[in-house]
Every structure is written in C-alpha cells, then in structure tokens.
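Peer 1: Could you have a look at this structure, given as structure tokens, before my questions?
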Amino acid sequence: MTDNRKEIERAELHRTIWGMANDLRGSVDGWDFKQYVLGMLFYRYISENLTGYINRGEHETGNLKFDYAKISDAEAEEARIDLVQTRGFYILPSELFQNVKERAASDENLNETLERIFRNIEASAQGGPSEENFKGLFDDIDVNSNKLGGTVAKRNEKLVKLLNGVGEMKLGDYQDNTIDAFGDAYEFLMGMYASNAGKSGGEYYTPQEVSELLTRITLVGKTEVNKVYDPACGSGSLLLNFAKILGKENVRQGFFGQEINITTYNLCRINMFLHDIDYDKFDIGNGDTLTDPMHWDDEPFEAIVSNPPYSIKWEGDANPLLINDPRFSPAGVLPPKSKADLAFIMHSLSWLATNGTAAIVCFPGVMYRGGAEQKIRKYLIDNNYVDCVIQLPSNLFFGTSIATCIMVLKKSKKENSTLFIDASNEFVKVTNSNKLTQKNMDTIIEEYKNRANKDHFSKLVPNDEIAAQDYNLSVSTYVEQEDLREVIDIEKLNAEIEEIVAREQILRDEIAKIIKEIEVD
C-alpha cells in the first residue's frame, strides 16, 4: 500500500471519529466519549480478528464459501476450547460485532445485549492462559450509564450510533498489513482529548515524538531487544513505539508494564490488542509500581522507557520495609515522601539488564535539589550509572509548559564520564505548544551517539567534575548557552548619536528660519 493511500485512509478515519464526537457531544463528555469509542473499537477489532483467523483456516482447507459470522452458535461451540488456547478468547457468531450492529436498531434491549456479550467475552478467557489479559477489559464501557441518556430508549439510541460509527470506520484489510489503523484510531482519540488528561481520567499522555525519542535512545546500536518495560505505562504508547520502530517480532519476549490507574490500565491492555500484540506477548499489571511491583519474575529488561508522574507523594521512609528493598537500598537513602521521582529512577536502574538502556523523563528539580535527592545522585554518579542527561524544550507536554529532561541510565559504560546535551532549542512552534520534528530527533540522537563536546550543545563531563559541582546534574551547569544578544560597538554607537544630534540641530535651525520668514510676511 502506498504512503499516499495510507494518509488518505488515515485522514478519512480521523474525519469519521471527529464526526462521531460531534454527533454525541453534549450527552457524553470528551473523556467518557473516548472510553465508549475505544470499547466499541476493541469489540469490533476482536470480532473481526477472530472471524478472519477462523475463515483463513477453513479457506486453506478448500472450504472457500465458509464464513464464521454466518454459522449457528451450536455449530461454532465445537471450536471454543481450541480457540481460547490459540487466540486467548472466544465469541459466538451471534455475538460478533458485525451481527450485533445489523440487529442493533431493532433491538429494544440493546444495552442488555451488549452487557451480556462483554461479560461472555471476558468469561471465555477464564481459566485459560489469557485470563489476566481479558479480565475487566470492558469495565469502563457502562452501557447503562446516565451519561448515555436518561432513559433506556435514549441510551440505546446512542449505542446504535456508536456501533454504526465504529462500523463505518475504514480500518483496512488485515491481509493488507494496515492493521495499525486500529492503533491509529486509538492514538487520534488520545491526542484529541489529551488536554483533558489527568483532569478526568488520570491519563498521562506522552506526545508521540517524545515517545519516539525515548525509544530511539534505548535502541542505539540494536536491531532487536529481549523485553521492553515501562514502570508507569499509562495507555502503553511508549511500549508500542518499539513495535513501530523495530517491528513487534524483534521484541523477542514481549512488552511489560505497570499502571496504577485502573481505567488507564484497561486502556493499555486494549491498546496492546489494537496494535495486534498477541495476549502471550504482553504482561501489563495494575498497582503501585513503587510499593507493589508486579514483574519481579520478569526482570531484568533490556530496554526501559518511562514518563512517570512528576513529584507525586509516596510512602518513602514511612514504610520501614522500603529502605531494605533491593531496588532502593543500594543508595542508602529513600527519595523524599513528597517527591517520588528518583524512586522511579532507582526502580528502573534495579531492573535494567547489564547490556540495557533506560530513558526516563524527569522533572528538572531532581537534577539539582539537595538532601536525599542529592545523595541518590551521588550514588548514581559514583557508580557511573548515568549515561546522559538531555535538556528538552519547554512546552512539549500537554498540560504543562515546564522544560523536562531525559535521564539515560546504563550499567556497562565504557568511560567514567557523563554526557550533557542541551536540546532546549530543538523544536518547532505549533500553535501554542512546541513539537520535536524528525530533524530535531535526529540531531539529538546523533549527538548522543557521538559523545563529544560541541559548543552550546553538548559536553562530555568526567564524573569527578560532577562530584566537584555537588552532583548537580542540570545541563545548564555544564553546557554554556549561546549568547544570542547583539554585540554592540560603543564607539560606533556614540559616533552615530553625535551625528543624529548634529542633524537634529540643523533641522531646528531650518525650522527656526522658516518660522522667522512666516512672521516677517
């Protein structure tokens, strides 16, 4: 498929979603609308995915007229056990998205029909290898919510519109490799409502360009990795960048993450399926990573990326167990209770493979504040774990104009120095925010690879010099900003002023002469 055709399809897809948003506006606010569309999108995806899988199998055996969507439920039941093992879930023909959509307008109990189907899909995975990945996936799509309408009839009217709208989305043919249209629809919806992020959904949305930069940093010199991990994975966009850049088959053992917010955790698992990541290739946990990490049996990870929440509160030294936790104990001190930022750094470092790289977005304060945070920076520098600190431009993220940084961690560095890159001017202005272009990203990655000094942009600093600066890791401490102010030649300026004064005097004399002549007349 040509890029041009793909872009036309993408634009059309975005128009359809935008149309649905306008159609349903007023009764369902943006954040909730997104949940419903994503839920329906997911329902459509797994229905078509299962149907396509079964039909291909039958067609290969010569049964070319077979269509799973058209056979009876009784006939279909025979394949249930086998399909749960191979695909992770099961849907009866009568409960497939396309069949429910066709009957929707005449189904007076559509809300009950959908609720039953969603429960049946989740129940089909119970006791199977994919149970954890399907449990509670439809919890946020409340088909009986007053947000959809005050009466059952009104709710069902909205549900019909939702089914039709999602059914009309042109999502390409799986054989055509355009399956990422599902993922693209997801990302468009996330971006559309990103300004509401955190307000009503607890969603930390990382702009696509920042995700790509983090991913590319961890992949320098690699064409494949064993496992990727994000300790605060949100909706999973950072993890999925590895599938986009490397190809999912080159993330050999899969995608791992943990998310504390239940709604976002559900969205993350849906996002994995929508990007065609099979149930046995991802493991997303729900809970507090700092106090209840869920992947002890899976670490270490070769690539870790994250944009954890900034300066959130955590238990810290109020929990006597944490100072002896092997993730935090090496530094000898815990991050302050009011600022968990460096706890995410220590956790990531602990779970990083010897040959791995972690790239984590940080709030700038962690780079220079004193107290426990300074002691943790001392531990990181004295043990040569900080590979690079990159200062990003301001106003890159939704909902904050603060200029954040990226801390890059490694356990097997070749030299006892840390690279500092000032990328604060690497952006283009787009309306009210700043954006990293492909060229900006390439410039940063190139400088990261070079590990050399470049005036006003990068500096490789021996770690003992950082120690002499009280372990301050702010980029501005080491990379001098270019002075773009105009150089003024004082002598030349004075001569120009004298000339202006002399010209003014001539003009005054001329004006005085004209006034005199007028008076004489």
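Each chain in the structure tokens gets a letter, A, B and so on, in the order shown; residues start at 1 in every chain, and ligands are counted from 1 in the order they appear.
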Please provide as a PyMOL selection string all residues within 12 Å of Phe42 (chain A), with the sequence filter that same-chain residues fewer than 6 positions apart are discarded (counting only C-alpha atoms).

Peer 2: chain A and resi 34-36+48-49+96-97+118+121+134+137-138+141+163+166-167+182-183+185-186+266-276

Peer 1: Can you list, as a VMD selection string, all residues belonging to region 187-282 of chain A that DSSP tags as strand (DSSP E)?

Peer 2: chain A and resid 228 to 230 255 to 259 282

Peer 1: Would you list the contacts of Asp341 (chain A) as a VMD selection string, taking every protein, DNA or RNA residue within 12 Å and counting only C-alpha atoms, but skipping same-chain residues closer than 2 positions in sequence?

Peer 2: chain A and resid 231 to 232 290 306 to 314 316 334 to 339 343 to 348 360 to 367 369 372 to 373 376 to 377 407

Peer 1: Just the helix (DSSP H, G or I) stuff from region 348-434 of chain A, please, per backbone DSSP, written as a ChimeraX atom specification.

Peer 2: /A:348-350,364-367,371-382

Peer 1: Store the residues picked out above, limited to C-alpha atoms, as a PDB file, in the first residue's frame.

Peer 2:
ATOM      1  CA  SER A 348      14.283   1.267  36.699  1.00  0.00           C
ATOM      2  CA  LEU A 349      18.017   1.015  37.326  1.00  0.00           C
ATOM      3  CA  SER A 350      17.488  -2.033  39.525  1.00  0.00           C
ATOM      4  CA  PRO A 364      14.102  19.334  36.360  1.00  0.00           C
ATOM      5  CA  GLY A 365      14.165  19.753  40.165  1.00  0.00           C
ATOM      6  CA  VAL A 366      15.533  16.220  40.697  1.00  0.00           C
ATOM      7  CA  MET A 367      18.730  17.278  38.910  1.00  0.00           C
ATOM      8  CA  GLY A 371      19.027  16.439  50.753  1.00  0.00           C
ATOM      9  CA  ALA A 372      18.157  12.803  49.989  1.00  0.00           C
ATOM     10  CA  GLU A 373      17.906  13.526  46.262  1.00  0.00           C
ATOM     11  CA  GLN A 374      21.495  14.776  46.171  1.00  0.00           C
ATOM     12  CA  LYS A 375      22.638  11.594  47.953  1.00  0.00           C
ATOM     13  CA  ILE A 376      20.879   9.454  45.336  1.00  0.00           C
ATOM     14  CA  ARG A 377      22.540  11.446  42.515  1.00  0.00           C
ATOM     15  CA  LYS A 378      25.878  10.878  44.270  1.00  0.00           C
ATOM     16  CA  TYR A 379      25.209   7.119  44.266  1.00  0.00           C
ATOM     17  CA  LEU A 380      24.298   7.209  40.559  1.00  0.00           C
ATOM     18  CA  ILE A 381      27.383   9.214  39.512  1.00  0.00           C
ATOM     19  CA  ASP A 382      29.900   7.477  41.822  1.00  0.00           C
TER      20      ASP A 382
END

Peer 1: Counting only C-alpha atoms, what is within 10 Å of Thr206 (chain A), bar same-chain residues fewer than 6 positions away, as a PDB file with C-alpha atoms, in the first residue's frame?

Peer 2:
ATOM      1  CA  MET A 190      -5.933  10.008  22.880  1.00  0.00           C
ATOM      2  CA  GLY A 191      -4.469  13.125  21.267  1.00  0.00           C
ATOM      3  CA  ALA A 194      -5.109  14.888  25.777  1.00  0.00           C
ATOM      4  CA  GLU A 212       9.867   8.018  19.753  1.00  0.00           C
ATOM      5  CA  GLY A 234      -0.219   4.814  31.098  1.00  0.00           C
ATOM      6  CA  SER A 235      -2.004   3.762  27.918  1.00  0.00           C
ATOM      7  CA  GLY A 236       1.093   1.939  26.629  1.00  0.00           C
ATOM      8  CA  SER A 237       2.143   4.332  23.863  1.00  0.00           C
ATOM      9  CA  LEU A 238       5.836   4.284  24.879  1.00  0.00           C
ATOM     10  CA  SER A 306       9.021   5.901  31.034  1.00  0.00           C
ATOM     11  CA  ASN A 307       7.386   9.259  31.637  1.00  0.00           C
ATOM     12  CA  PRO A 308       6.417   8.774  35.305  1.00  0.00           C
ATOM     13  CA  VAL A 361      11.592  11.726  31.517  1.00  0.00           C
ATOM     14  CA  LEU A 396       6.335  19.917  24.804  1.00  0.00           C
ATOM     15  CA  PHE A 397       3.832  18.145  27.039  1.00  0.00           C
ATOM     16  CA  PHE A 398       0.062  18.528  27.320  1.00  0.00           C
TER      17      PHE A 398
END

Peer 1: Got a sec: who's within 12 Å of Lys439 (chain A), counting only C-alpha atoms, leaving out chain neighbours fewer than 2 positions off, as a ChimeraX atom specification?

Peer 2: /A:209,213,426-428,435-437,441-446

Peer 1: Counting only C-alpha atoms, which of A:Lys429, A:Lys158, A:Lys170, A:Arg80 gets nearest to Arg10 (chain A)?

Peer 2: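 Of all the options, A:Lys170 lies closest to Arg10 (chain A).
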
Peer 1: Of the residues A:Leu239, A:Val408, A:Leu110, A:Ala125, which is the one nearest to Val152 (chain A), using only C-alpha atoms?

Peer 2: A:Leu110

Peer 1: Extract, using only C-alpha atoms, all DNA, RNA and protein residues at most 12 Å from Asp455 (chain A), discarding same-chain residues fewer than 4 positions from it, and format them as a ChimeraX atom specification.

Peer 2: /A:420-422,447,459-460,478-483

Peer 1: One decimal, in Å: what's the spacing between CA of Ile402 (chain A) and CA of Lys449 (chain A)?

Peer 2: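 Between these atoms lies a distance of 26.3 Å.
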
Peer 1: Calculate how many Å separate CA of Glu224 (chain A) from CA of Thr418 (chain A), rounding to one decimal.

Peer 2: 25.5 Å

Peer 1: Find the distance between CA of Ala69 (chain A) and CA of Thr51 (chain A) and write it in Å to one decimal.

Peer 2: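 Computing it gives 6.7 Å between the two atoms.
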
Peer 1: Out of A:Phe282, A:Phe33, A:Phe457, A:Tyr43, which residue has the shortest atom-to-atom distance to Leu114 (chain A) when counting only C-alpha atoms?

Peer 2: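 Ranked by minimum distance to Leu114 (chain A), first place goes to A:Tyr43.
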
Peer 1: Kindly indicate which residue among A:Glu58, A:Glu168, A:Asp142, A:Asp288 lies nearest to Leu41 (chain A), using only C-alpha atoms for the distances.

Peer 2: A:Glu168

Peer 1: Return the single residue from A:Val333, A:Val210, A:Ala359, A:Val143 that is closest to Arg116 (chain A), with distances computed using only C-alpha atoms.

Peer 2: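 Ranking A:Val333, A:Val210, A:Ala359, A:Val143 by distance to Arg116 (chain A), first place goes to A:Val143.
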
Peer 1: When you count only C-alpha atoms, which of these residues is closest to Glu75 (chain A): A:Asn395, A:Ser94, A:Ser329, A:Ser211?

Peer 2: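 Using only C-alpha atoms, Glu75 (chain A) sits closest to A:Ser94.
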